[in-house]
Structures are given as structure tokens and as C-alpha cells.
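*Asks:* See coords-v5.tsv below, with TSV, C-alpha atoms.
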```tsv
chain	number	residue	atom	x	y	z
O	1	MET	CA	91.07	98.65	129.31
O	2	THR	CA	91.64	97.68	125.73
O	3	ASP	CA	92.53	94.06	125.62
O	4	PHE	CA	94.70	92.48	122.93
O	5	ILE	CA	92.66	89.29	122.92
O	6	ALA	CA	89.38	91.14	122.47
O	7	VAL	CA	90.79	93.41	119.75
O	8	LEU	CA	92.19	90.46	117.84
O	9	GLU	CA	88.91	88.58	118.11
O	10	GLU	CA	87.07	91.55	116.69
O	11	GLN	CA	89.52	91.77	113.80
O	12	LEU	CA	89.20	88.07	113.05
O	13	VAL	CA	85.42	88.06	113.11
O	14	THR	CA	85.29	91.13	110.89
O	15	ALA	CA	87.76	89.58	108.44
O	16	HIS	CA	85.74	86.35	108.42
O	17	ARG	CA	82.54	88.21	107.63
O	18	GLU	CA	84.05	90.46	104.99
O	19	ARG	CA	86.55	88.29	103.20
O	20	ARG	CA	84.40	85.39	102.23
O	21	PRO	CA	80.70	85.41	101.59
O	22	ARG	CA	78.78	82.65	103.22
O	23	ARG	CA	77.99	79.86	100.83
O	24	ARG	CA	74.37	79.08	100.36
O	25	PRO	CA	73.24	75.50	99.72
O	26	PRO	CA	73.65	74.74	96.02
O	27	ILE	CA	70.47	75.29	94.06
O	28	PRO	CA	69.95	74.45	90.42
O	29	TRP	CA	70.33	77.51	88.25
O	30	ARG	CA	67.29	78.63	86.36
O	31	GLY	CA	67.99	81.21	83.72
O	32	GLY	CA	65.96	84.21	82.74
O	33	ALA	CA	65.16	85.59	86.14
O	34	VAL	CA	64.33	89.25	86.24
O	35	VAL	CA	66.73	89.72	89.12
O	36	VAL	CA	69.58	88.47	86.99
O	37	ALA	CA	68.64	90.77	84.16
O	38	ALA	CA	68.73	93.71	86.55
O	39	ALA	CA	72.02	92.52	88.00
O	40	ALA	CA	73.44	92.15	84.52
O	41	THR	CA	72.52	95.74	83.75
O	42	VAL	CA	74.29	96.96	86.87
O	43	ALA	CA	77.16	94.61	86.10
O	44	ALA	CA	77.55	95.99	82.61
O	45	VAL	CA	77.96	99.49	84.02
O	46	ILE	CA	80.51	98.22	86.53
O	47	ALA	CA	82.33	96.46	83.71
O	48	VAL	CA	82.78	99.79	81.97
O	49	VAL	CA	84.16	101.29	85.16
O	50	ILE	CA	86.54	98.38	85.59
O	51	ALA	CA	87.59	98.50	81.96
O	52	LEU	CA	88.43	102.18	82.33
O	53	ALA	CA	90.24	101.83	85.60
O	54	SER	CA	93.43	99.97	86.28
O	55	PRO	CA	92.84	96.85	88.37
O	56	GLY	CA	91.35	98.11	91.57
O	57	GLU	CA	89.42	97.07	94.55
O	58	HIS	CA	85.99	96.05	93.57
O	59	ARG	CA	84.64	93.73	96.13
O	60	ALA	CA	81.13	94.31	94.98
O	61	ALA	CA	79.20	93.89	98.20
O	62	SER	CA	77.30	97.04	97.34
O	63	PRO	CA	78.47	98.09	93.91
O	64	ARG	CA	77.79	101.66	92.93
O	65	PRO	CA	77.25	102.08	89.24
O	66	GLN	CA	78.68	105.60	89.13
O	67	PRO	CA	82.05	105.91	87.38
O	68	SER	CA	84.89	106.38	89.83
O	69	PRO	CA	88.39	107.77	89.36
O	70	PRO	CA	90.96	105.27	88.14
O	71	GLN	CA	92.56	103.36	91.00
O	72	THR	CA	96.16	102.28	91.19
O	73	THR	CA	95.95	99.70	93.94
O	74	PRO	CA	96.20	96.04	92.88
O	75	VAL	CA	93.17	93.81	92.75
O	76	HIS	CA	92.09	93.10	96.31
O	77	PRO	CA	93.43	89.77	97.54
O	78	VAL	CA	90.63	87.29	97.92
O	79	PRO	CA	90.44	84.06	99.84
O	80	ARG	CA	92.05	81.34	97.78
O	81	THR	CA	89.07	80.15	95.85
O	82	THR	CA	89.71	77.54	93.18
O	83	VAL	CA	89.16	78.69	89.63
O	84	ALA	CA	89.07	76.32	86.66
O	85	VAL	CA	90.11	77.76	83.32
O	86	LEU	CA	89.07	76.13	80.06
O	87	ASN	CA	90.20	77.21	76.66
O	88	GLY	CA	87.22	77.43	74.34
O	89	THR	CA	89.33	78.31	71.33
O	90	THR	CA	91.91	76.56	69.17
O	91	VAL	CA	94.56	79.11	70.13
O	92	THR	CA	96.92	77.37	72.52
O	93	GLY	CA	98.10	78.83	75.79
O	94	LEU	CA	95.18	81.14	76.53
O	95	ALA	CA	93.94	79.15	79.51
O	96	ARG	CA	97.40	79.04	81.06
O	97	VAL	CA	97.87	82.80	80.73
O	98	ALA	CA	94.48	83.45	82.32
O	99	SER	CA	95.04	80.96	85.13
O	100	ASP	CA	98.43	82.47	85.92
O	101	ALA	CA	96.87	85.92	86.09
O	102	LEU	CA	94.23	84.65	88.50
O	103	VAL	CA	96.77	82.89	90.71
O	104	ALA	CA	98.81	86.09	90.80
O	105	ASN	CA	95.72	87.77	92.21
O	106	GLY	CA	95.23	85.28	94.99
O	107	PHE	CA	93.04	82.62	93.44
O	108	ARG	CA	93.86	78.94	93.65
O	109	GLU	CA	94.55	77.13	90.41
O	110	GLY	CA	91.93	74.58	89.38
O	111	ILE	CA	92.05	72.55	86.22
O	112	VAL	CA	93.58	74.33	83.25
O	113	THR	CA	92.57	72.57	80.09
O	114	ASN	CA	90.79	72.76	76.76
O	115	ASP	CA	87.04	73.01	76.62
O	116	THR	CA	86.42	69.91	74.56
O	117	THR	CA	82.71	70.66	74.31
O	118	ASN	CA	83.19	73.95	72.49
O	119	GLN	CA	86.33	75.17	70.75
O	120	GLN	CA	84.51	77.96	68.93
O	121	ARG	CA	83.60	80.09	71.90
O	122	GLN	CA	83.56	83.77	70.98
O	123	ARG	CA	83.29	85.59	74.31
O	124	THR	CA	85.06	84.72	77.52
O	125	THR	CA	82.52	83.75	80.15
O	126	ILE	CA	82.89	83.20	83.86
O	127	TYR	CA	80.55	80.91	85.77
O	128	TYR	CA	80.14	80.81	89.51
O	129	GLU	CA	78.48	78.58	92.07
O	130	PRO	CA	76.03	80.14	94.53
O	131	GLY	CA	77.92	82.29	97.02
O	132	TYR	CA	80.83	82.97	94.68
O	133	LYS	CA	79.42	85.77	92.57
O	134	GLU	CA	81.53	88.45	94.20
O	135	GLN	CA	84.72	86.50	93.68
O	136	ALA	CA	83.73	85.67	90.10
O	137	GLN	CA	83.37	89.39	89.52
O	138	THR	CA	86.81	89.91	90.99
O	139	ALA	CA	88.14	87.26	88.59
O	140	ALA	CA	86.43	89.11	85.77
O	141	GLY	CA	88.26	92.25	86.84
O	142	CYS	CA	91.57	90.37	86.80
O	143	LEU	CA	90.94	89.13	83.26
O	144	ASP	CA	89.28	92.24	81.91
O	145	VAL	CA	86.06	90.38	81.25
O	146	GLY	CA	82.80	92.29	81.24
O	147	LEU	CA	80.55	91.57	84.19
O	148	ASP	CA	77.72	90.78	81.79
O	149	GLN	CA	79.74	87.65	81.04
O	150	VAL	CA	79.73	86.58	84.69
O	151	LEU	CA	76.95	84.03	85.02
O	152	PRO	CA	75.67	81.45	87.48
O	153	MET	CA	77.13	77.99	86.96
O	154	ASP	CA	75.14	75.62	84.77
O	155	ALA	CA	75.35	71.85	84.76
O	156	THR	CA	77.57	71.62	81.69
O	157	ALA	CA	80.01	74.19	82.98
O	158	ARG	CA	80.08	72.51	86.39
O	159	VAL	CA	81.11	69.18	84.92
O	160	ALA	CA	83.69	70.76	82.60
O	161	ALA	CA	85.15	72.73	85.50
O	162	ASP	CA	85.55	69.65	87.64
O	163	ARG	CA	83.27	71.25	90.22
O	164	ALA	CA	85.47	74.27	90.88
O	165	PRO	CA	83.31	77.04	92.36
O	166	ILE	CA	84.39	79.43	89.62
O	167	ALA	CA	85.04	78.47	86.00
O	168	VAL	CA	86.45	80.65	83.25
O	169	PHE	CA	85.75	79.65	79.66
O	170	ILE	CA	88.14	81.51	77.41
O	171	GLY	CA	86.73	82.77	74.16
O	172	ALA	CA	88.20	84.17	70.96
O	173	ASP	CA	88.05	87.69	72.45
O	174	LYS	CA	91.14	86.73	74.46
O	175	ALA	CA	93.02	85.62	71.37
O	176	LYS	CA	93.13	89.11	69.95
F	177	MET	CA	78.54	78.89	128.72
F	178	GLU	CA	79.52	77.91	125.21
F	179	PRO	CA	78.31	74.60	123.84
F	180	ASP	CA	80.74	71.76	124.33
F	181	ILE	CA	81.45	71.07	120.70
F	182	ASP	CA	84.86	69.53	120.04
F	183	ASP	CA	87.62	71.51	118.40
F	184	ASP	CA	87.60	69.55	115.17
F	185	ALA	CA	83.89	70.05	114.59
F	186	LEU	CA	84.21	73.67	115.63
F	187	LEU	CA	86.93	74.34	113.09
F	188	VAL	CA	84.92	72.66	110.35
F	189	ALA	CA	81.95	74.83	111.26
F	190	ALA	CA	84.26	77.86	111.30
F	191	VAL	CA	84.76	77.60	107.56
F	192	GLU	CA	81.41	79.32	107.15
F	193	ASP	CA	80.55	80.57	110.59
F	194	PRO	CA	82.42	83.53	112.10
F	195	ASP	CA	81.02	82.76	115.55
F	196	ALA	CA	82.43	79.24	115.42
F	197	PHE	CA	85.82	80.64	114.49
F	198	ALA	CA	85.57	83.14	117.33
F	199	GLN	CA	84.79	80.32	119.74
F	200	PHE	CA	87.75	78.30	118.48
F	201	TYR	CA	89.90	81.39	118.88
F	202	ARG	CA	88.72	82.08	122.43
F	203	ARG	CA	89.49	78.52	123.42
F	204	HIS	CA	93.04	78.62	122.20
F	205	VAL	CA	94.32	82.17	122.02
F	206	ARG	CA	95.72	82.08	125.53
F	207	GLY	CA	97.49	78.80	124.88
F	208	VAL	CA	99.00	80.10	121.64
F	209	LEU	CA	100.03	83.31	123.37
F	210	ALA	CA	101.72	81.31	126.11
F	211	TYR	CA	103.34	79.04	123.54
F	212	PHE	CA	104.97	82.03	121.88
F	213	ARG	CA	105.75	83.84	125.11
F	214	ARG	CA	107.77	80.86	126.26
F	215	ARG	CA	109.84	81.04	123.06
F	216	VAL	CA	110.36	84.68	122.14
F	217	PRO	CA	112.05	87.47	124.08
F	218	ASP	CA	109.11	89.79	124.65
F	219	ALA	CA	105.36	89.94	125.01
F	220	GLU	CA	104.93	92.22	122.01
F	221	THR	CA	106.49	89.68	119.66
F	222	ALA	CA	104.42	86.92	121.23
F	223	ALA	CA	101.25	88.92	120.63
F	224	ASP	CA	102.30	89.73	117.08
F	225	LEU	CA	102.96	86.06	116.31
F	226	THR	CA	99.67	85.10	117.90
F	227	ALA	CA	97.78	87.55	115.70
F	228	GLU	CA	99.54	86.28	112.58
F	229	THR	CA	98.88	82.67	113.56
F	230	PHE	CA	95.15	83.19	113.94
F	231	ALA	CA	94.98	85.27	110.77
F	232	ALA	CA	96.68	82.40	108.93
F	233	ALA	CA	94.30	79.93	110.57
F	234	LEU	CA	91.36	82.06	109.47
F	235	GLU	CA	92.71	82.33	105.96
F	236	GLY	CA	93.41	78.61	105.68
F	237	ARG	CA	90.49	77.26	107.70
F	238	HIS	CA	88.96	75.55	104.67
F	239	ARG	CA	92.13	73.52	104.33
F	240	TYR	CA	91.72	71.87	107.72
F	241	ALA	CA	90.74	68.20	107.32
F	242	PRO	CA	89.70	66.38	110.52
F	243	ASP	CA	90.74	63.03	109.08
F	244	ARG	CA	94.33	64.26	108.92
F	245	GLY	CA	94.69	65.16	112.57
F	246	PRO	CA	93.23	67.16	115.43
F	247	ALA	CA	92.42	70.85	115.02
F	248	LEU	CA	94.72	71.77	117.87
F	249	GLY	CA	97.68	70.11	116.15
F	250	TRP	CA	96.78	71.96	112.95
F	251	LEU	CA	96.68	75.26	114.82
F	252	TYR	CA	100.00	74.67	116.54
F	253	GLY	CA	101.48	73.60	113.24
F	254	ILE	CA	100.66	77.07	111.94
F	255	ALA	CA	102.08	78.59	115.12
F	256	ARG	CA	105.29	76.58	114.77
F	257	ARG	CA	105.80	77.73	111.19
F	258	ARG	CA	105.37	81.35	112.25
F	259	LEU	CA	107.85	80.84	115.03
F	260	VAL	CA	110.40	79.27	112.68
F	261	GLY	CA	109.89	82.15	110.26
F	262	PHE	CA	110.47	84.63	113.05
F	263	GLN	CA	113.61	82.83	114.20
F	264	ARG	CA	115.01	82.77	110.67
F	265	ARG	CA	114.20	86.30	109.64
F	266	GLY	CA	114.20	88.08	112.95
F	267	ARG	CA	110.82	89.63	112.26
F	268	VAL	CA	107.22	88.54	112.43
F	269	GLU	CA	105.50	87.82	109.14
F	270	ARG	CA	102.46	89.92	108.37
F	271	GLY	CA	101.26	88.31	105.14
F	272	ALA	CA	98.17	86.59	106.48
F	273	ARG	CA	96.99	89.71	108.29
F	274	ARG	CA	97.58	91.80	105.21
F	275	ARG	CA	95.63	89.41	103.02
F	276	MET	CA	92.81	89.29	105.54
F	277	GLY	CA	92.72	93.07	105.88
F	278	MET	CA	93.78	93.02	109.53
F	279	ALA	CA	95.84	95.89	110.88
F	280	ARG	CA	98.72	95.27	113.25
F	281	ILE	CA	97.56	95.80	116.81
F	282	GLU	CA	99.72	98.38	118.54
F	283	LEU	CA	100.08	97.43	122.17
F	284	ASN	CA	100.46	100.03	124.88
F	285	ASP	CA	102.17	99.25	128.18
F	286	GLU	CA	98.95	98.28	129.85
F	287	MET	CA	98.05	95.86	127.08
F	288	LEU	CA	101.54	94.37	127.17
F	289	GLU	CA	101.28	93.80	130.90
F	290	ARG	CA	98.00	92.06	130.36
F	291	VAL	CA	99.52	89.85	127.66
F	292	GLU	CA	102.32	88.94	130.05
F	293	ALA	CA	99.83	88.14	132.79
F	294	ILE	CA	97.72	85.97	130.50
F	295	ALA	CA	100.76	84.08	129.26
F	296	ASP	CA	102.08	83.56	132.79
F	297	ALA	CA	98.73	82.34	134.04
F	298	GLU	CA	98.33	80.03	131.09
F	299	LEU	CA	101.80	78.59	131.48
F	300	ALA	CA	101.25	78.06	135.20
F	301	GLN	CA	97.93	76.35	134.50
F	302	ILE	CA	99.47	74.19	131.84
F	303	ASP	CA	102.23	73.11	134.19
F	304	VAL	CA	99.70	72.24	136.88
F	305	ALA	CA	97.47	70.45	134.40
F	306	LEU	CA	100.36	68.57	132.84
F	307	ALA	CA	101.42	67.37	136.26
F	308	ALA	CA	97.95	65.94	136.75
F	309	LEU	CA	98.11	63.85	133.59
F	310	PRO	CA	99.29	60.24	133.57
F	311	ASP	CA	103.06	60.25	133.11
F	312	ASP	CA	103.05	58.84	129.59
F	313	GLN	CA	100.60	61.50	128.37
F	314	SER	CA	102.34	64.30	130.23
F	315	VAL	CA	105.68	63.40	128.68
F	316	ALA	CA	104.16	63.12	125.20
F	317	VAL	CA	102.27	66.41	125.39
F	318	ARG	CA	105.23	68.24	126.83
F	319	ALA	CA	107.48	66.88	124.09
F	320	ARG	CA	105.05	67.61	121.29
F	321	VAL	CA	103.53	70.93	122.28
F	322	LEU	CA	106.10	72.56	124.49
F	323	GLU	CA	109.26	71.21	122.90
F	324	ASP	CA	108.09	70.96	119.28
F	325	ARG	CA	109.30	67.42	118.85
F	326	GLY	CA	107.98	65.21	116.07
F	327	TYR	CA	105.84	62.15	116.72
F	328	ASP	CA	108.60	59.92	115.35
F	329	GLU	CA	111.04	61.42	117.82
F	330	ILE	CA	108.63	61.02	120.73
F	331	ALA	CA	107.91	57.45	119.70
F	332	ALA	CA	111.62	56.63	119.58
F	333	ALA	CA	112.33	58.27	122.93
F	334	GLU	CA	109.45	56.49	124.63
F	335	GLN	CA	110.05	53.24	122.77
F	336	VAL	CA	106.50	53.03	121.50
F	337	SER	CA	105.01	53.07	118.01
F	338	GLU	CA	104.25	56.37	116.33
F	339	PRO	CA	100.46	55.80	116.48
F	340	THR	CA	100.80	55.22	120.21
F	341	ALA	CA	102.76	58.46	120.57
F	342	ARG	CA	100.04	60.28	118.63
F	343	GLN	CA	97.38	58.71	120.81
F	344	ARG	CA	99.13	59.79	123.99
F	345	VAL	CA	99.42	63.35	122.76
F	346	SER	CA	95.83	63.36	121.61
F	347	ARG	CA	94.50	61.94	124.89
F	348	GLY	CA	96.77	64.17	126.91
F	349	LEU	CA	95.59	67.25	125.06
F	350	ALA	CA	91.97	66.25	125.50
F	351	ALA	CA	92.50	65.79	129.23
F	352	LEU	CA	94.43	69.03	129.41
F	353	ARG	CA	91.68	70.87	127.59
F	354	ALA	CA	89.02	69.43	129.89
F	355	HIS	CA	91.07	70.43	132.89
F	356	LEU	CA	91.69	73.96	131.65
F	357	ARG	CA	88.05	74.46	130.73
F	358	SER	CA	86.98	73.32	134.18
F	359	GLN	CA	89.13	76.14	135.57
F	360	GLU	CA	87.34	78.81	133.53
F	361	PRO	CA	85.31	81.24	135.58
```
Kindly return the structure encoded in the file as C-alpha cells.

*Replies:*
Amino acid sequence: MTDFIAVLEEQLVTAHRERRPRRRPPIPWRGGAVVVAAAATVAAVIAVVIALASPGEHRAASPRPQPSPPQTTPVHPVPRTTVAVLNGTTVTGLARVASDALVANGFREGIVTNDTTNQQRQRTTIYYEPGYKEQAQTAAGCLDVGLDQVLPMDATARVAADRAPIAVFIGADKAK
Amino acid sequence: MEPDIDDDALLVAAVEDPDAFAQFYRRHVRGVLAYFRRRVPDAETAADLTAETFAAALEGRHRYAPDRGPALGWLYGIARRRLVGFQRRGRVERGARRRMGMARIELNDEMLERVEAIADAELAQIDVALAALPDDQSVAVRARVLEDRGYDEIAAAEQVSEPTARQRVSRGLAALRAHLRSQEP
């Protein structure tokens, strides 16, 4: 006999496994790894797909680099992960616009402020803590940022982002 | 036999661990089902509210803070809000399930009967277990969990301080939980 309690448990466990990747213990980021270069290549292809398509589901557990037909469904809701947004330009209001877009797509608002360390940033970049790559890529999709600009968190970004697991640094490309 | 980890620790572990969440769920799903069954007209609605409650708990599990109260109170707080929403709107919310990608479970007659049986058994057990508690704890737990009364209200009715009311509920629930677990097959 199918049992409501068993069915619900199965749904909950599946949702737990699928909706939020397990966090790994934080490890210091070391740049230049071959793996990242390969991932960036794949990510760049995905970025093209995302740029061509309307916002669509792209929980990239196993991203396929082949172009897919444009999708019309909204960006997949994600667990409410905090995202900090810092404006790395002198154009006011860019961080607020980006943060609002992220909140509208299910993210939790982190700090929204100016990047006092760099106001001449050219390209918008998204940093993520270990375990948050997939969600950072989703954020990139929300903001139309190329996945080659989705990078592991570094120490400077972490401090500026007030330790949010995902940090968006707005560049001049968003002022156009 | 599952390890005897307390609810609060279990819910903290459940932030990352699906098995911990499943264990927390198994411990309390019958109680939540009975809680709703006592308050809504049919078993289907009770099941629907139970599913939405646990989906919301799953979605918000990272927001649970043990220093702000017991996990069971947190869970029943979620349940209460779903119940109030249902009473106001006349329909069960589905937002948490939608966000978590969980489909509504369609219950056939057999499943509904089983839900009724579980709720009845749970309510009967709770009544027996409550009767076994010291009077002050029984009154406090009944008021808090079964009648949805606030700690301030319980404190005033029992002429004790609010921390004392909280302590009675907390101890009563712990005793109740121990009793109910000892009845498990």
C-alpha cells in the first residue's frame, strides 16, 4: 500500500538532495588550476546558451554544452542563499538593481553597497564560496553575466562581501 | 533503532544532511498530522497541510537557531502559520512545495484511511501520554501545543512567570517524546 508518510519522506529527501548542494569545508582558493580552466571553457559555452535563451532552468549539476532551444520558464527558484552585491563603478544604483533582480529570483539580500576597493571595475564578476558554484551560476543567469566571470571567492572579495556565500561585483558592463 | 540524538541537534545537522532531516521528519510527522487532523475538517486537508509544513521546514531549516527555542516549537510554529493561512484563505498554501519542487500528493481512499488511522492513534497516544505527565506540565503542553496558546497566556493562567511556563512546556514535551518513543515498535 502506498503510504502518505513514506511518499512525503521520499519527496523531502529528494528535494533536500537536489535543491541545495552540500557545503564542503571552506578551503583557501588557489587560482590557476587546470580544472578551473576546463570548467571556465564549459562555462563560457553555457554562458552563450544562457545569453541566447530567456531566463531558464539551468541548475548546472551536469551542464551540457550543446545549445538548447530558448526556454520560457522563469529562473528556477533556489534556496534562499545570501548574495552580496557591490558596485564597482561610479554609476549609482547598479548594485540595487542587481540585488533586486536576485531577490526576485529567490536569493536572499546580503549587503548592497559600493566596492570601495575598486570603483573602476570593467566586467561584472561573481564570486562563490565552496559549495555555492551552482547557485552562483544561477545568479549569473539572473544578471546576464557570463559564466567565465563566475569565480571562486578570494580573500578580498570575502571581506568586501561581509562573508556572504555569493558576492556580485558590478562592473561598467552593467552601466551600459 | 535510530540514534538518540535530540531534536535540536538533529535539525541543525539536517541543514546539510538529508538523512538527519528524514529522521526529524519521521519523529514528528505523525504528531503534525494529528495536530492538523484535530483542527481541520478532513484527513486530506490535514495531509496537505502536513506536507506543506515539512516542505517549509525543509526550505527554512537553515534559519532554525537552537538558542532561540526548541526544534519542536519551531516546527509547530510553521504548522500553526500554515493552519492560520488555511483558516483565512480556505485553501492550503503550496508555495513551499512548489519552491522545493515537490508535487502535491494525491491521496486515494486507502491512503486517506491510513492517514485517519495514524492521526487517531497519535491523538490517543498523546492523550494517554499527557495524562501521565505531572499536572503542571500536562496543562502547559496541552495549552501550548493542542490549544495554540502563547507562553504569556499560559503563564498568566497558571500564575507563573513566562520562563517557568516555557520550562514546563519544554519538560513536558521531552517527557512526552520519551514516552511516545518508548511505545514505538

*Asks:* Rounded to one decimal, what separation in Å do you get between CA of Gly245 in chain F and CA of Arg270 in chain F?

*Replies:*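 CA of Gly245 in chain F sits 26.3 Å away from CA of Arg270 in chain F.
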
*Asks:* Give me the residues within 8 Å of Leu102 in chain O as a ChimeraX atom specification, counting all atoms listed in the file and dropping any in the same chain fewer than 3 places off.

*Replies:* /O:83,98-99,105-109,139,142-143

*Asks:* Mind giving me the straight-line distance from CA of Val103 in chain O to CA of Ala84 in chain O in Å, one decimal?

*Replies:* 10.9 Å

*Asks:* Figure out the distance between CA of Leu187 in chain F and CA of Val7 in chain O, please, to one decimal in Å.

*Replies:*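 Going from CA of Val7 in chain O over to CA of Leu187 in chain F, I get 20.6 Å.
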
*Asks:* Enumerate as number ranges by chain the residues belonging to chain F that approach chain O to within 10 Å, with only C-alpha atoms taken into account.

*Replies:* F: 190-199, 201-202, 205-206, 209, 223-224, 226-228, 230-231, 233-236, 238, 273-284, 286-288, 290-291, 294

*Asks:* Leaving out range 301-315 of chain F and any residue of its chain fewer than 5 positions from it, which residues lie within 10 Å of it when counting only C-alpha atoms, given as a ChimeraX atom specification?

*Replies:* /F:207,210,295-296,320,330,334,341-349,351-356,359

*Asks:* Okay, now the selection with C-alpha atoms, as an mmCIF file, in the frame of the given file?

*Replies:*
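Once everything was written out, this is selection-v2.cif:
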```cif
data_model
loop_
_atom_site.group_PDB
_atom_site.id
_atom_site.type_symbol
_atom_site.label_atom_id
_atom_site.label_comp_id
_atom_site.auth_asym_id
_atom_site.auth_seq_id
_atom_site.Cartn_x
_atom_site.Cartn_y
_atom_site.Cartn_z
ATOM 1 C CA GLY F 207 97.490 78.800 124.880
ATOM 2 C CA ALA F 210 101.720 81.310 126.110
ATOM 3 C CA ALA F 295 100.760 84.080 129.260
ATOM 4 C CA ASP F 296 102.080 83.560 132.790
ATOM 5 C CA ARG F 320 105.050 67.610 121.290
ATOM 6 C CA ILE F 330 108.630 61.020 120.730
ATOM 7 C CA GLU F 334 109.450 56.490 124.630
ATOM 8 C CA ALA F 341 102.760 58.460 120.570
ATOM 9 C CA ARG F 342 100.040 60.280 118.630
ATOM 10 C CA GLN F 343 97.380 58.710 120.810
ATOM 11 C CA ARG F 344 99.130 59.790 123.990
ATOM 12 C CA VAL F 345 99.420 63.350 122.760
ATOM 13 C CA SER F 346 95.830 63.360 121.610
ATOM 14 C CA ARG F 347 94.500 61.940 124.890
ATOM 15 C CA GLY F 348 96.770 64.170 126.910
ATOM 16 C CA LEU F 349 95.590 67.250 125.060
ATOM 17 C CA ALA F 351 92.500 65.790 129.230
ATOM 18 C CA LEU F 352 94.430 69.030 129.410
ATOM 19 C CA ARG F 353 91.680 70.870 127.590
ATOM 20 C CA ALA F 354 89.020 69.430 129.890
ATOM 21 C CA HIS F 355 91.070 70.430 132.890
ATOM 22 C CA LEU F 356 91.690 73.960 131.650
ATOM 23 C CA GLN F 359 89.130 76.140 135.570
#
```

*Asks:* Which residues are close to Thr124 in chain O, i.e. within 6 Å by all atoms listed in the file, leaving aside same-chain residues fewer than 3 positions away? Reply as an MDAnalysis selection string.

*Replies:* chainID O and resid 169:171

*Asks:* Find the residues near range 155-162 of chain O: any atom within 8 Å, counting all atoms listed in the file, skip ones fewer than 5 places away on the same chain, and give them as JSON, numbers by chain.

*Replies:* {"O": [84, 85, 86, 111, 115, 127, 167]}
